[in-house]
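Source file: coords-v1.cif (mmCIF, C-alpha atoms and all ligand atoms)
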data_input
#
loop_
_atom_site.label_atom_id
_atom_site.label_comp_id
_atom_site.auth_asym_id
_atom_site.auth_seq_id
_atom_site.Cartn_x
_atom_site.Cartn_y
_atom_site.Cartn_z
CA MET X 61 0.00 0.00 0.00
CA LEU X 62 1.02 3.56 -0.61
CA THR X 63 1.11 5.80 2.45
CA CYS X 64 -0.15 9.24 1.57
CA VAL X 65 -0.59 12.57 3.35
CA GLY X 66 -3.66 14.64 2.60
CA TYR X 67 -5.84 17.32 4.09
CA ALA X 68 -9.13 16.11 5.53
CA ALA X 69 -12.21 17.38 7.29
CA SER X 70 -12.95 15.20 10.32
CA SER X 71 -16.51 16.48 10.85
CA PRO X 72 -18.93 18.88 9.13
CA THR X 73 -17.72 21.72 11.31
CA SER X 74 -13.99 21.06 11.66
CA PRO X 75 -11.39 22.86 9.55
CA LEU X 76 -9.36 20.73 7.15
CA ALA X 77 -6.13 19.42 8.69
CA PRO X 78 -3.29 17.04 7.73
CA PHE X 79 -4.28 13.37 7.64
CA ALA X 80 -2.31 10.21 6.76
CA PHE X 81 -4.01 7.39 4.86
CA GLU X 82 -3.31 4.56 2.40
CA ARG X 83 -3.89 4.24 -1.34
CA ARG X 84 -4.08 0.85 -3.05
CA ASP X 85 -1.00 -0.41 -4.86
CA CYS X 86 -0.93 0.11 -8.61
CA GLY X 87 -3.04 -2.75 -10.09
CA PRO X 88 -2.65 -4.12 -13.65
CA LEU X 89 -4.72 -1.30 -15.22
CA ASP X 90 -3.84 1.43 -12.74
CA VAL X 91 -1.93 4.65 -13.13
CA GLN X 92 -0.16 6.08 -10.08
CA ILE X 93 -0.05 9.86 -10.28
CA ASP X 94 2.14 12.37 -8.43
CA ILE X 95 -0.26 15.28 -7.96
CA THR X 96 1.17 18.73 -8.64
CA HIS X 97 -2.03 20.81 -8.45
CA CYS X 98 -5.61 20.43 -7.31
CA GLY X 99 -8.45 22.93 -7.83
CA VAL X 100 -10.90 23.87 -5.07
CA CYS X 101 -14.50 23.30 -6.19
CA HIS X 102 -17.54 24.52 -4.27
CA SER X 103 -18.65 20.85 -4.25
CA ASP X 104 -15.63 20.16 -2.00
CA ILE X 105 -17.15 22.54 0.56
CA HIS X 106 -20.72 21.20 0.17
CA THR X 107 -19.36 17.68 0.76
CA ALA X 108 -16.85 18.40 3.55
CA ARG X 109 -19.63 20.17 5.46
CA SER X 110 -22.25 17.45 4.78
CA GLU X 111 -24.51 19.96 3.04
CA TRP X 112 -25.75 17.33 0.57
CA GLY X 113 -26.32 14.68 3.24
CA PRO X 114 -23.93 13.00 5.64
CA ALA X 115 -20.38 12.67 4.32
CA SER X 116 -17.92 9.95 5.41
CA TYR X 117 -15.17 11.28 7.66
CA PRO X 118 -12.29 11.84 7.47
CA CYS X 119 -13.16 13.44 4.11
CA VAL X 120 -10.30 14.32 1.73
CA PRO X 121 -11.87 16.48 -1.04
CA GLY X 122 -10.40 17.44 -4.41
CA HIS X 123 -11.47 16.43 -7.94
CA GLU X 124 -9.60 18.85 -10.19
CA ILE X 125 -6.36 16.92 -10.22
CA ILE X 126 -3.27 17.47 -12.36
CA GLY X 127 -0.02 15.56 -12.06
CA HIS X 128 2.55 13.32 -13.66
CA VAL X 129 2.46 9.59 -14.09
CA LYS X 130 4.76 8.03 -11.51
CA ALA X 131 4.10 4.35 -12.27
CA VAL X 132 1.79 2.23 -14.43
CA GLY X 133 0.42 -1.30 -14.05
CA PRO X 134 1.60 -3.98 -16.53
CA ASP X 135 -1.60 -3.84 -18.65
CA VAL X 136 -1.77 -0.06 -19.02
CA THR X 137 -1.52 0.93 -22.68
CA ARG X 138 -2.53 4.60 -22.81
CA PHE X 139 -0.06 6.21 -20.41
CA LYS X 140 3.62 5.99 -19.55
CA VAL X 141 5.78 7.26 -16.73
CA GLY X 142 6.26 11.04 -16.98
CA ASP X 143 3.05 11.85 -18.91
CA ARG X 144 1.11 14.89 -17.74
CA VAL X 145 -2.36 13.72 -16.77
CA GLY X 146 -5.56 14.76 -15.04
CA VAL X 147 -8.32 13.19 -12.98
CA GLY X 148 -11.75 14.72 -12.53
CA CYS X 149 -14.82 13.83 -10.49
CA MET X 150 -15.02 10.10 -11.24
CA VAL X 151 -12.50 7.27 -10.89
CA ASN X 152 -14.66 4.38 -12.14
CA SER X 153 -18.17 3.28 -13.15
CA CYS X 154 -19.96 0.01 -14.01
CA ARG X 155 -19.01 0.37 -17.71
CA THR X 156 -21.92 -1.84 -18.81
CA CYS X 157 -25.13 0.17 -18.31
CA ALA X 158 -26.63 2.20 -21.16
CA SER X 159 -25.19 5.48 -19.83
CA CYS X 160 -21.68 4.03 -19.51
CA GLU X 161 -21.91 2.49 -22.97
CA ALA X 162 -22.93 5.89 -24.34
CA GLY X 163 -19.80 7.43 -22.78
CA LEU X 164 -21.85 9.22 -20.13
CA GLU X 165 -20.31 7.53 -17.10
CA GLN X 166 -21.45 10.38 -14.86
CA TYR X 167 -25.01 9.08 -15.26
CA CYS X 168 -24.06 5.42 -14.54
CA ASP X 169 -27.10 3.48 -13.29
CA ALA X 170 -24.98 1.97 -10.53
CA SER X 171 -23.52 5.42 -9.70
CA PRO X 172 -19.93 6.14 -10.66
CA THR X 173 -17.19 5.77 -8.08
CA TRP X 174 -16.69 9.45 -7.29
CA THR X 175 -13.14 10.66 -6.74
CA TYR X 176 -13.81 11.32 -3.07
CA ASN X 177 -16.30 10.37 -0.39
CA SER X 178 -17.62 7.44 -2.45
CA PRO X 179 -17.67 3.72 -1.61
CA ASP X 180 -14.45 2.30 -3.10
CA PRO X 181 -14.85 -1.25 -4.43
CA ALA X 182 -11.25 -1.19 -5.70
CA PHE X 183 -9.73 -0.82 -2.23
CA PRO X 184 -8.48 -4.14 -0.79
CA THR X 185 -10.44 -3.88 2.47
CA GLU X 186 -14.22 -3.70 2.60
CA GLY X 187 -16.08 -0.56 3.60
CA ALA X 188 -13.44 1.81 2.23
CA TYR X 189 -14.36 5.05 0.54
CA THR X 190 -12.39 7.21 -1.83
CA PHE X 191 -10.02 10.03 -0.91
CA GLY X 192 -9.58 12.95 -3.31
CA GLY X 193 -6.88 15.17 -4.68
CA TYR X 194 -5.92 17.25 -1.64
CA SER X 195 -2.97 14.86 -1.41
CA ARG X 196 0.37 14.15 -3.07
CA ALA X 197 -0.60 11.00 -4.96
CA ILE X 198 -3.56 9.06 -6.33
CA VAL X 199 -4.03 5.67 -8.02
CA VAL X 200 -6.67 5.57 -10.77
CA ASP X 201 -7.77 3.07 -13.44
CA GLU X 202 -6.41 4.26 -16.79
CA GLY X 203 -9.95 4.45 -18.20
CA PHE X 204 -10.60 7.47 -15.97
CA VAL X 205 -7.30 9.29 -16.53
CA LEU X 206 -7.20 12.26 -18.95
CA ARG X 207 -4.40 13.63 -21.11
CA ILE X 208 -3.54 17.28 -20.48
CA PRO X 209 -2.30 19.24 -23.52
CA GLU X 210 1.32 20.22 -22.92
CA ASN X 211 0.78 23.88 -23.90
CA LEU X 212 -1.60 24.50 -20.98
CA ASP X 213 -0.27 25.79 -17.68
CA PRO X 214 -0.83 22.92 -15.22
CA ALA X 215 -2.22 25.06 -12.36
CA ALA X 216 -4.62 26.91 -14.65
CA ALA X 217 -5.66 23.67 -16.36
CA ALA X 218 -6.64 21.90 -13.10
CA PRO X 219 -10.14 23.48 -12.89
CA LEU X 220 -10.94 22.21 -16.39
CA LEU X 221 -11.38 18.76 -14.81
CA CYS X 222 -14.60 19.85 -13.06
CA ALA X 223 -15.52 23.51 -13.61
CA GLY X 224 -14.50 23.15 -17.26
CA ILE X 225 -16.30 19.96 -18.18
CA THR X 226 -19.42 20.84 -16.14
CA THR X 227 -19.99 23.97 -18.21
CA TRP X 228 -18.73 22.51 -21.50
CA SER X 229 -21.02 19.47 -21.43
CA PRO X 230 -24.40 21.31 -21.44
CA LEU X 231 -23.18 23.89 -23.98
CA SER X 232 -22.17 21.01 -26.20
CA HIS X 233 -25.31 18.90 -25.57
CA TRP X 234 -27.63 21.82 -26.40
CA LYS X 235 -25.42 22.67 -29.40
CA ILE X 236 -24.72 26.26 -28.43
CA GLY X 237 -22.93 28.32 -31.04
CA THR X 238 -23.06 31.36 -33.27
CA GLY X 239 -26.41 33.13 -33.27
CA HIS X 240 -27.42 31.99 -29.77
CA ARG X 241 -28.01 34.36 -26.91
CA VAL X 242 -26.63 32.73 -23.79
CA GLY X 243 -26.94 33.84 -20.16
CA VAL X 244 -24.50 32.62 -17.51
CA VAL X 245 -25.63 33.05 -13.90
CA GLY X 246 -22.98 33.43 -11.17
CA LEU X 247 -19.33 34.34 -11.80
CA GLY X 248 -17.50 31.74 -9.73
CA GLY X 249 -15.39 28.76 -10.76
CA LEU X 250 -18.03 27.21 -13.01
CA GLY X 251 -19.54 30.48 -14.21
CA HIS X 252 -16.27 31.95 -15.44
CA MET X 253 -15.60 28.82 -17.50
CA GLY X 254 -19.19 28.96 -18.79
CA VAL X 255 -18.52 32.51 -20.02
CA LYS X 256 -15.21 31.55 -21.66
CA PHE X 257 -16.65 28.49 -23.42
CA ALA X 258 -19.88 30.14 -24.59
CA VAL X 259 -17.83 33.02 -26.05
CA ALA X 260 -15.38 30.59 -27.69
CA LEU X 261 -18.32 28.72 -29.26
CA GLY X 262 -19.54 31.96 -30.87
CA ALA X 263 -22.57 32.84 -28.71
CA GLU X 264 -23.56 36.31 -27.55
CA VAL X 265 -22.97 36.01 -23.81
CA THR X 266 -24.60 37.90 -20.95
CA LEU X 267 -23.29 37.43 -17.43
CA PHE X 268 -25.72 37.70 -14.51
CA THR X 269 -23.93 38.48 -11.27
CA THR X 270 -24.92 39.58 -7.78
CA SER X 271 -21.51 41.27 -7.41
CA PRO X 272 -21.13 44.77 -8.95
CA SER X 273 -17.36 44.39 -8.40
CA LYS X 274 -17.27 41.62 -11.04
CA VAL X 275 -18.65 43.66 -13.97
CA GLU X 276 -15.23 44.52 -15.42
CA ASP X 277 -13.92 40.99 -14.91
CA GLY X 278 -16.99 39.59 -16.64
CA LYS X 279 -16.19 41.69 -19.70
CA ARG X 280 -12.48 40.85 -19.56
CA LEU X 281 -13.43 37.17 -19.54
CA GLY X 282 -15.35 37.77 -22.76
CA ALA X 283 -18.97 38.44 -21.73
CA HIS X 284 -20.58 40.86 -24.17
CA ARG X 285 -23.03 42.15 -21.59
CA VAL X 286 -23.24 42.08 -17.78
CA VAL X 287 -26.45 42.43 -15.75
CA ILE X 288 -26.55 42.93 -11.99
CA SER X 289 -29.13 40.34 -10.98
CA ARG X 290 -30.19 42.22 -7.85
CA ASP X 291 -31.36 45.15 -10.05
CA GLU X 292 -35.04 44.35 -10.72
CA GLN X 293 -35.40 46.92 -13.50
CA ALA X 294 -32.34 45.63 -15.31
CA MET X 295 -33.65 42.07 -15.00
CA ALA X 296 -37.09 43.02 -16.35
CA ALA X 297 -35.44 44.52 -19.42
CA GLU X 298 -33.97 41.09 -20.28
CA ALA X 299 -37.34 39.28 -20.50
CA ASN X 300 -37.82 36.77 -23.37
CA ARG X 301 -34.30 37.35 -24.70
CA PHE X 302 -32.31 34.14 -24.21
CA ASP X 303 -32.00 30.85 -26.07
CA PHE X 304 -30.09 29.26 -23.23
CA ILE X 305 -29.29 30.09 -19.61
CA LEU X 306 -26.64 28.23 -17.61
CA ASP X 307 -27.19 28.58 -13.85
CA ALA X 308 -23.96 28.01 -11.88
CA VAL X 309 -25.08 29.40 -8.51
CA SER X 310 -24.10 27.52 -5.35
CA ALA X 311 -26.71 28.96 -2.95
CA ASP X 312 -30.45 29.47 -2.62
CA HIS X 313 -31.85 31.87 -5.29
CA ASP X 314 -35.04 32.41 -7.30
CA ILE X 315 -34.76 30.53 -10.59
CA ASN X 316 -38.15 31.84 -11.80
CA ALA X 317 -36.50 35.23 -12.24
CA TYR X 318 -34.28 33.62 -14.91
CA LEU X 319 -36.89 31.35 -16.53
CA SER X 320 -38.84 34.45 -17.55
CA LEU X 321 -35.76 35.66 -19.45
CA LEU X 322 -35.90 32.70 -21.85
CA LYS X 323 -37.55 33.18 -25.22
CA GLN X 324 -40.03 30.66 -26.60
CA ASP X 325 -38.58 27.13 -26.50
CA GLY X 326 -35.53 28.36 -24.59
CA HIS X 327 -33.65 26.10 -22.16
CA MET X 328 -32.39 26.82 -18.70
CA VAL X 329 -29.88 24.31 -17.36
CA LEU X 330 -28.90 24.02 -13.72
CA VAL X 331 -25.35 23.00 -12.95
CA GLY X 332 -25.22 24.66 -9.52
CA LEU X 333 -26.27 22.41 -6.65
CA PRO X 334 -27.62 24.46 -3.73
CA GLU X 335 -28.42 22.30 -0.73
CA LYS X 336 -32.09 23.32 -0.46
CA PRO X 337 -34.85 22.40 -2.96
CA MET X 338 -35.98 25.16 -5.33
CA SER X 339 -39.51 25.99 -6.33
CA VAL X 340 -40.61 26.53 -9.94
CA GLY X 341 -43.73 28.42 -10.91
CA ALA X 342 -45.51 26.40 -13.61
CA PHE X 343 -46.40 29.62 -15.46
CA SER X 344 -42.69 30.41 -15.92
CA LEU X 345 -42.36 27.28 -18.06
CA VAL X 346 -45.79 26.84 -19.62
CA ALA X 347 -46.10 30.41 -20.85
CA LYS X 348 -43.50 30.01 -23.62
CA ARG X 349 -42.87 26.23 -23.80
CA ARG X 350 -39.63 26.82 -21.91
CA SER X 351 -37.71 23.92 -20.42
CA LEU X 352 -35.67 23.49 -17.28
CA ALA X 353 -32.99 20.81 -17.12
CA GLY X 354 -29.94 19.82 -15.10
CA SER X 355 -26.53 18.55 -16.11
CA ALA X 356 -23.75 16.72 -14.24
CA ILE X 357 -20.08 17.10 -15.12
CA GLY X 358 -19.41 15.18 -18.36
CA GLY X 359 -18.33 11.77 -19.62
CA ILE X 360 -14.68 10.76 -19.95
CA GLN X 361 -14.60 11.03 -23.74
CA GLU X 362 -16.18 14.46 -23.79
CA THR X 363 -13.83 15.58 -21.01
CA GLN X 364 -10.92 14.65 -23.26
CA GLU X 365 -12.57 16.50 -26.17
CA MET X 366 -12.98 19.58 -23.95
CA LEU X 367 -9.33 19.40 -22.86
CA ASP X 368 -8.19 19.09 -26.47
CA PHE X 369 -10.38 22.08 -27.44
CA CYS X 370 -8.76 24.05 -24.59
CA GLY X 371 -5.33 23.03 -25.88
CA GLN X 372 -6.20 24.21 -29.39
CA HIS X 373 -7.77 27.50 -28.25
CA ASN X 374 -5.49 28.13 -25.28
CA ILE X 375 -8.35 28.22 -22.79
CA VAL X 376 -7.59 27.79 -19.09
CA SER X 377 -9.07 29.03 -15.83
CA ASP X 378 -8.20 32.25 -14.05
CA VAL X 379 -6.67 30.93 -10.84
CA GLU X 380 -5.28 32.02 -7.50
CA ILE X 381 -2.62 29.56 -6.39
CA ILE X 382 -2.62 28.77 -2.67
CA ARG X 383 -0.57 26.69 -0.26
CA MET X 384 -2.24 23.62 1.23
CA ASP X 385 -2.33 25.23 4.67
CA GLU X 386 -4.34 28.17 3.24
CA ILE X 387 -7.28 25.93 2.35
CA ASN X 388 -9.56 26.92 5.24
CA GLN X 389 -9.24 30.65 4.45
CA ALA X 390 -9.84 29.82 0.77
CA TYR X 391 -13.10 28.05 1.68
CA GLU X 392 -14.28 31.15 3.56
CA ARG X 393 -13.49 33.33 0.55
CA VAL X 394 -15.39 31.00 -1.80
CA LEU X 395 -18.38 31.23 0.52
CA ARG X 396 -18.20 35.03 0.32
CA SER X 397 -18.21 34.78 -3.55
CA ASP X 398 -14.70 36.24 -3.35
CA VAL X 399 -12.73 33.92 -5.62
CA LYS X 400 -11.03 35.08 -8.82
CA TYR X 401 -12.04 32.64 -10.17
CA ARG X 402 -10.72 29.35 -8.87
CA PHE X 403 -8.34 28.52 -6.04
CA VAL X 404 -5.75 25.91 -6.98
CA ILE X 405 -3.54 24.22 -4.41
CA ASP X 406 0.17 23.94 -5.20
CA MET X 407 0.74 20.40 -3.97
CA ALA X 408 4.46 21.04 -3.38
CA SER X 409 3.23 22.79 -0.22
CA MET X 410 1.73 19.57 1.20
CA PRO X 411 3.71 18.30 4.20
CA ASP X 412 5.57 15.01 3.54
CA SER X 413 4.42 13.53 6.83
CA ILE X 414 2.19 14.51 9.71
CA ALA X 415 4.69 13.49 12.36
CA GLY X 416 5.56 16.25 14.81
P1 LIG M 1 -18.34 29.27 -6.68
O1 LIG M 1 -16.99 29.43 -7.27
O2 LIG M 1 -18.55 29.50 -5.24
O3 LIG M 1 -19.35 30.19 -7.55
C1 LIG M 1 -20.70 30.33 -7.21
C2 LIG M 1 -21.16 31.72 -7.62
O4 LIG M 1 -22.57 31.78 -7.38
C3 LIG M 1 -20.58 32.85 -6.79
O5 LIG M 1 -19.32 33.28 -7.22
C4 LIG M 1 -21.64 33.94 -6.96
O6 LIG M 1 -21.44 34.60 -8.20
C5 LIG M 1 -22.94 33.13 -7.07
N1 LIG M 1 -23.65 33.13 -5.79
C6 LIG M 1 -23.19 32.70 -4.59
N2 LIG M 1 -24.14 32.84 -3.64
C7 LIG M 1 -25.22 33.36 -4.26
C8 LIG M 1 -26.54 33.72 -3.84
N3 LIG M 1 -26.91 33.58 -2.55
N4 LIG M 1 -27.40 34.22 -4.75
C9 LIG M 1 -27.04 34.37 -6.04
N5 LIG M 1 -25.80 34.06 -6.50
C10 LIG M 1 -24.91 33.56 -5.63
O7 LIG M 1 -18.88 27.77 -6.94
P2 LIG M 1 -18.51 26.75 -8.12
O8 LIG M 1 -17.37 25.91 -7.70
O9 LIG M 1 -18.49 27.47 -9.39
O10 LIG M 1 -19.79 25.80 -8.06
C11 LIG M 1 -21.09 26.31 -8.30
C12 LIG M 1 -22.12 25.25 -7.96
O11 LIG M 1 -22.04 24.20 -8.92
C13 LIG M 1 -21.92 24.60 -6.60
O12 LIG M 1 -23.19 24.34 -6.01
C14 LIG M 1 -21.24 23.29 -6.95
O13 LIG M 1 -21.42 22.28 -5.99
C15 LIG M 1 -21.95 22.95 -8.23
N6 LIG M 1 -21.25 22.01 -9.11
C16 LIG M 1 -22.02 21.22 -9.88
C17 LIG M 1 -21.44 20.34 -10.77
C18 LIG M 1 -22.29 19.49 -11.66
O14 LIG M 1 -21.82 18.46 -12.13
N7 LIG M 1 -23.51 19.90 -11.94
C19 LIG M 1 -20.05 20.28 -10.87
C20 LIG M 1 -19.29 21.13 -10.08
C21 LIG M 1 -19.90 22.01 -9.21
P3 LIG M 1 -21.69 36.19 -8.34
O15 LIG M 1 -20.79 36.84 -7.34
O16 LIG M 1 -21.31 36.46 -9.75
O17 LIG M 1 -23.17 36.42 -8.10
ZN ZN M 2 -16.36 20.09 -8.77
ZN ZN M 3 -22.78 2.31 -15.65
#

If you took the structure in this file and wrote it as structure tokens, what would it be?
Amino acid sequence: MLTCVGYAASSPTSPLAPFAFERRDCGPLDVQIDITHCGVCHSDIHTARSEWGPASYPCVPGHEIIGHVKAVGPDVTRFKVGDRVGVGCMVNSCRTCASCEAGLEQYCDASPTWTYNSPDPAFPTEGAYTFGGYSRAIVVDEGFVLRIPENLDPAAAAPLLCAGITTWSPLSHWKIGTGHRVGVVGLGGLGHMGVKFAVALGAEVTLFTTSPSKVEDGKRLGAHRVVISRDEQAMAAEANRFDFILDAVSADHDINAYLSLLKQDGHMVLVGLPEKPMSVGAFSLVAKRRSLAGSAIGGIQETQEMLDFCGQHNIVSDVEIIRMDEINQAYERVLRSDVKYRFVIDMASMPDSIAG
């Protein structure tokens, strides 16, 4: 077994702290990765604090993982020692259900094995659950390892593994491109990638933000228009305008206010996962045959396609690099919507051991 140091939450209310644990040895189809960077997703906070239901503790979050291949099992064909690779939100799935066969492993009928806080059938002892990327190393089946284009900065590429694919997948599924008017709600980790991708795909993009301080950044990131969502008059002026709205908000908010901004047959897609249920007024949908949908990350193949697109178009996240021991302050800043626009942990700052 591989002894590993990570940062874990030990309860919903405790700060993250160093924690030693074991990874499985590299199996025949496994890739052992030395992690260099890991992004900080709002889902890490929801999970570490049991906001989506009880988490398993200790909980080591982190699913925007970039590193180098340290070792490969004898049957691995796609990777070799030294390759730059990434791991996102999943590390395995059943591979036989209709969703898996369609390359949409995130919708696996049996539930994918999530990168952290998920039952781990691959661990040698029963009852184990997965530990994520706030650690120096990880062992992952090659089928769930991604290639990272060499021209992308590794720290700035890390958030592509979750924030990137989660916004790319719905834009791609709903075939967004030139001639579409797209709204992106919330300028955080996901939202800023939603803006970059929708602009790169040729759409006219409007950012909706609660933060007046983000107007200039929204434009710098490529948004053609920015609306302050707390300004009722400004919101009313946007009615019936949009083909597609991507909602990337992490907290309770009124989605009916956005549904009414869709034109006839427009789609609003939720990627944000606030902990409380939302209510939808039937009139908001029925009035103009609008639809409301949700979307989870993306499959492995489309994640690779997104990464390759980013390589070709030089698209990465805007990141603030932090040390591992700054993680608890970073969480507080994310909760204050004060992240520009993704924190990424430099894993060289992880202690080698927790002794002393
Ligand atoms: P984030 O960086 O914290 O961004 C969330 C943004 O939402 C904030 O920056 C803020 O933008 C806006 N916001 C926050 N509180 C708000 C409120 N009370 N009312 C209105 N707007 C508010 O979070 P993230 O990492 O991008 O994640 C966003 C959500 O997506 C989280 O719930 C996360 O768990 C979820 N997620 C889902 C998937 C999936 O597969 N569907 C994948 C990853 C993450 P402004 O300052 O611009 O208003
Ligand atoms: Zn995430
Ligand atoms: Zn499956």

What's around range 384-396 of chain X at 8 Å? Count all atoms listed in the file, leave out sequence neighbours fewer than 5 positions away in its own chain, and write the answer as a PDB file with C-alpha atoms, in the coordinates of the input.
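What follows is the written file result-v7.pdb:
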ATOM      1  CA  TYR X  67      -5.840  17.320   4.090  1.00  0.00           C
ATOM      2  CA  PRO X  75     -11.390  22.860   9.550  1.00  0.00           C
ATOM      3  CA  LEU X  76      -9.360  20.730   7.150  1.00  0.00           C
ATOM      4  CA  HIS X 102     -17.540  24.520  -4.270  1.00  0.00           C
ATOM      5  CA  ILE X 105     -17.150  22.540   0.560  1.00  0.00           C
ATOM      6  CA  TYR X 194      -5.920  17.250  -1.640  1.00  0.00           C
ATOM      7  CA  PHE X 403      -8.340  28.520  -6.040  1.00  0.00           C
ATOM      8  CA  ILE X 405      -3.540  24.220  -4.410  1.00  0.00           C
ATOM      9  CA  ASP X 406       0.170  23.940  -5.200  1.00  0.00           C
ATOM     10  CA  MET X 407       0.740  20.400  -3.970  1.00  0.00           C
ATOM     11  CA  SER X 409       3.230  22.790  -0.220  1.00  0.00           C
ATOM     12  CA  MET X 410       1.730  19.570   1.200  1.00  0.00           C
TER      13      MET X 410
END

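Nearest to ligand ZN 2 (chain M) of all the residues X:Arg383, X:His123, X:Lys323, X:Arg349 is X:His123, counting all atoms listed in the file.
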
Give me the residues near range 151-161 of chain X as an MDAnalysis selection string, where near means some atom within 7 Å (using all atoms listed in the file) and where sequence neighbours in that chain fewer than 3 positions away do not count. chainID X and resid 164:165 167:175 200:201 204

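For the pair CA of Met328 in chain X and CA of Phe304 in chain X, the interatomic distance is 5.6 Å.
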
Calculate how many Å separate CA of Gly148 in chain X from CA of Cys222 in chain X, rounding to one decimal. 5.9 Å

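Comparing the minimum interatomic distances between ligand LIG 1 (chain M) and each of X:Tyr318, X:Phe81, X:Tyr189, X:Phe268, counting only C-alpha atoms and all ligand atoms, we find that X:Phe268 sits nearest.
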
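Look at everything within 8 Å of (-15.5, 33.3, -9.4) using all atoms listed in the file, and the residues you get are Gly246, Leu247, Gly248, Gly249, Leu250, Gly251, His252, Val394, Ser397, Asp398, Val399, Lys400, Tyr401 and Arg402 of chain X.
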
Using all atoms listed in the file, collect all residues at a distance of at most 6 Å from (-29.0, 25.6, -16.8) as written in the file, then present them as an mmCIF file with C-alpha atoms, keeping the file's coordinate frame.
data_model
loop_
_atom_site.group_PDB
_atom_site.id
_atom_site.type_symbol
_atom_site.label_atom_id
_atom_site.label_comp_id
_atom_site.auth_asym_id
_atom_site.auth_seq_id
_atom_site.Cartn_x
_atom_site.Cartn_y
_atom_site.Cartn_z
ATOM 1 C CA ILE X 305 -29.290 30.090 -19.610
ATOM 2 C CA LEU X 306 -26.640 28.230 -17.610
ATOM 3 C CA ASP X 307 -27.190 28.580 -13.850
ATOM 4 C CA MET X 328 -32.390 26.820 -18.700
ATOM 5 C CA VAL X 329 -29.880 24.310 -17.360
ATOM 6 C CA LEU X 330 -28.900 24.020 -13.720
ATOM 7 C CA VAL X 331 -25.350 23.000 -12.950
#

Between X:Leu220, X:Ala80, X:Val136, X:Ile198, which residue has the minimum interatomic distance to ligand ZN 2 (chain M), considering only C-alpha atoms and all ligand atoms? X:Leu220

Contacts of Val141 in chain X within 8 Å, all atoms listed in the file, excl. fewer than 3 positions in-chain, as a PyMOL selection string: chain X and resi 128-132

Based on the selection just made, write C-alpha atoms of those residues as a PDB file, in the coordinates of the input.
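Contents of out_6.pdb, as written:
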ATOM      1  CA  HIS X 128       2.550  13.320 -13.660  1.00  0.00           C
ATOM      2  CA  VAL X 129       2.460   9.590 -14.090  1.00  0.00           C
ATOM      3  CA  LYS X 130       4.760   8.030 -11.510  1.00  0.00           C
ATOM      4  CA  ALA X 131       4.100   4.350 -12.270  1.00  0.00           C
ATOM      5  CA  VAL X 132       1.790   2.230 -14.430  1.00  0.00           C
TER       6      VAL X 132
END

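The residue that comes closest to ligand ZN 3 (chain M), out of X:Val91, X:Cys119, X:Met150, X:Val65 and on the basis of all atoms listed in the file, is X:Met150.
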
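Every protein or nucleic acid residue with an atom no more than 10 Å from Ala317 in chain X, counting only C-alpha atoms and leaving out same-chain residues fewer than 6 positions away, appears here: Ser289, Glu292, Met295, Ala296, Ala299, Val340 and Ser344 of chain X.
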
From the options X:Ser271, X:Ser339, X:Ala311, X:Pro134, which residue's atoms come nearest to Cys86 in chain X, counting all atoms listed in the file? X:Pro134

Which value, in Å to one decimal, gives the distance between CA of Pro121 in chain X and CA of Gly66 in chain X? 9.2 Å

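Residues surrounding Leu206 in chain X within 7 Å are Val145, Gly146, Val147 and Gln364 of chain X [all atoms listed in the file; sequence separation below 5 positions excluded].
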
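For the residues X:Ala294, X:Ala68, X:Met338, X:Ala218, ranking by smallest atom-to-atom distance to Cys98 in chain X using all atoms listed in the file places X:Ala218 first.
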
Report as CSV: every residue of range 195-225 of chain X with an atom at most 9 Å from range 367-380 of chain X, its closest pair of atoms, and their distance in Å to one decimal, counting all atoms listed in the file, with rows sorted by chain and ascending residue number.
residue,atom,partner,partner_atom,distance
X:Leu206,CA,X:Leu367,CA,8.4
X:Arg207,CA,X:Leu367,CA,7.8
X:Ile208,CA,X:Leu367,CA,6.6
X:Pro209,CA,X:Gly371,CA,5.4
X:Glu210,CA,X:Gly371,CA,7.8
X:Asn211,CA,X:Gly371,CA,6.5
X:Leu212,CA,X:Gly371,CA,6.3
X:Asp213,CA,X:Val376,CA,7.7
X:Ala215,CA,X:Val379,CA,7.5
X:Ala216,CA,X:Ser377,CA,5.1
X:Ala217,CA,X:Val376,CA,5.3
X:Ala218,CA,X:Ser377,CA,8.0
X:Pro219,CA,X:Ser377,CA,6.4
X:Leu220,CA,X:Val376,CA,7.0
X:Leu221,CA,X:Leu367,CA,8.3
X:Ala223,CA,X:Ser377,CA,8.8
X:Gly224,CA,X:Ser377,CA,8.1
X:Ile225,CA,X:Leu367,CA,8.4

Could you write out that same residue set with C-alpha atoms as an mmCIF file, keeping the file's coordinate frame?
data_model
loop_
_atom_site.group_PDB
_atom_site.id
_atom_site.type_symbol
_atom_site.label_atom_id
_atom_site.label_comp_id
_atom_site.auth_asym_id
_atom_site.auth_seq_id
_atom_site.Cartn_x
_atom_site.Cartn_y
_atom_site.Cartn_z
ATOM 1 C CA LEU X 206 -7.200 12.260 -18.950
ATOM 2 C CA ARG X 207 -4.400 13.630 -21.110
ATOM 3 C CA ILE X 208 -3.540 17.280 -20.480
ATOM 4 C CA PRO X 209 -2.300 19.240 -23.520
ATOM 5 C CA GLU X 210 1.320 20.220 -22.920
ATOM 6 C CA ASN X 211 0.780 23.880 -23.900
ATOM 7 C CA LEU X 212 -1.600 24.500 -20.980
ATOM 8 C CA ASP X 213 -0.270 25.790 -17.680
ATOM 9 C CA ALA X 215 -2.220 25.060 -12.360
ATOM 10 C CA ALA X 216 -4.620 26.910 -14.650
ATOM 11 C CA ALA X 217 -5.660 23.670 -16.360
ATOM 12 C CA ALA X 218 -6.640 21.900 -13.100
ATOM 13 C CA PRO X 219 -10.140 23.480 -12.890
ATOM 14 C CA LEU X 220 -10.940 22.210 -16.390
ATOM 15 C CA LEU X 221 -11.380 18.760 -14.810
ATOM 16 C CA ALA X 223 -15.520 23.510 -13.610
ATOM 17 C CA GLY X 224 -14.500 23.150 -17.260
ATOM 18 C CA ILE X 225 -16.300 19.960 -18.180
#
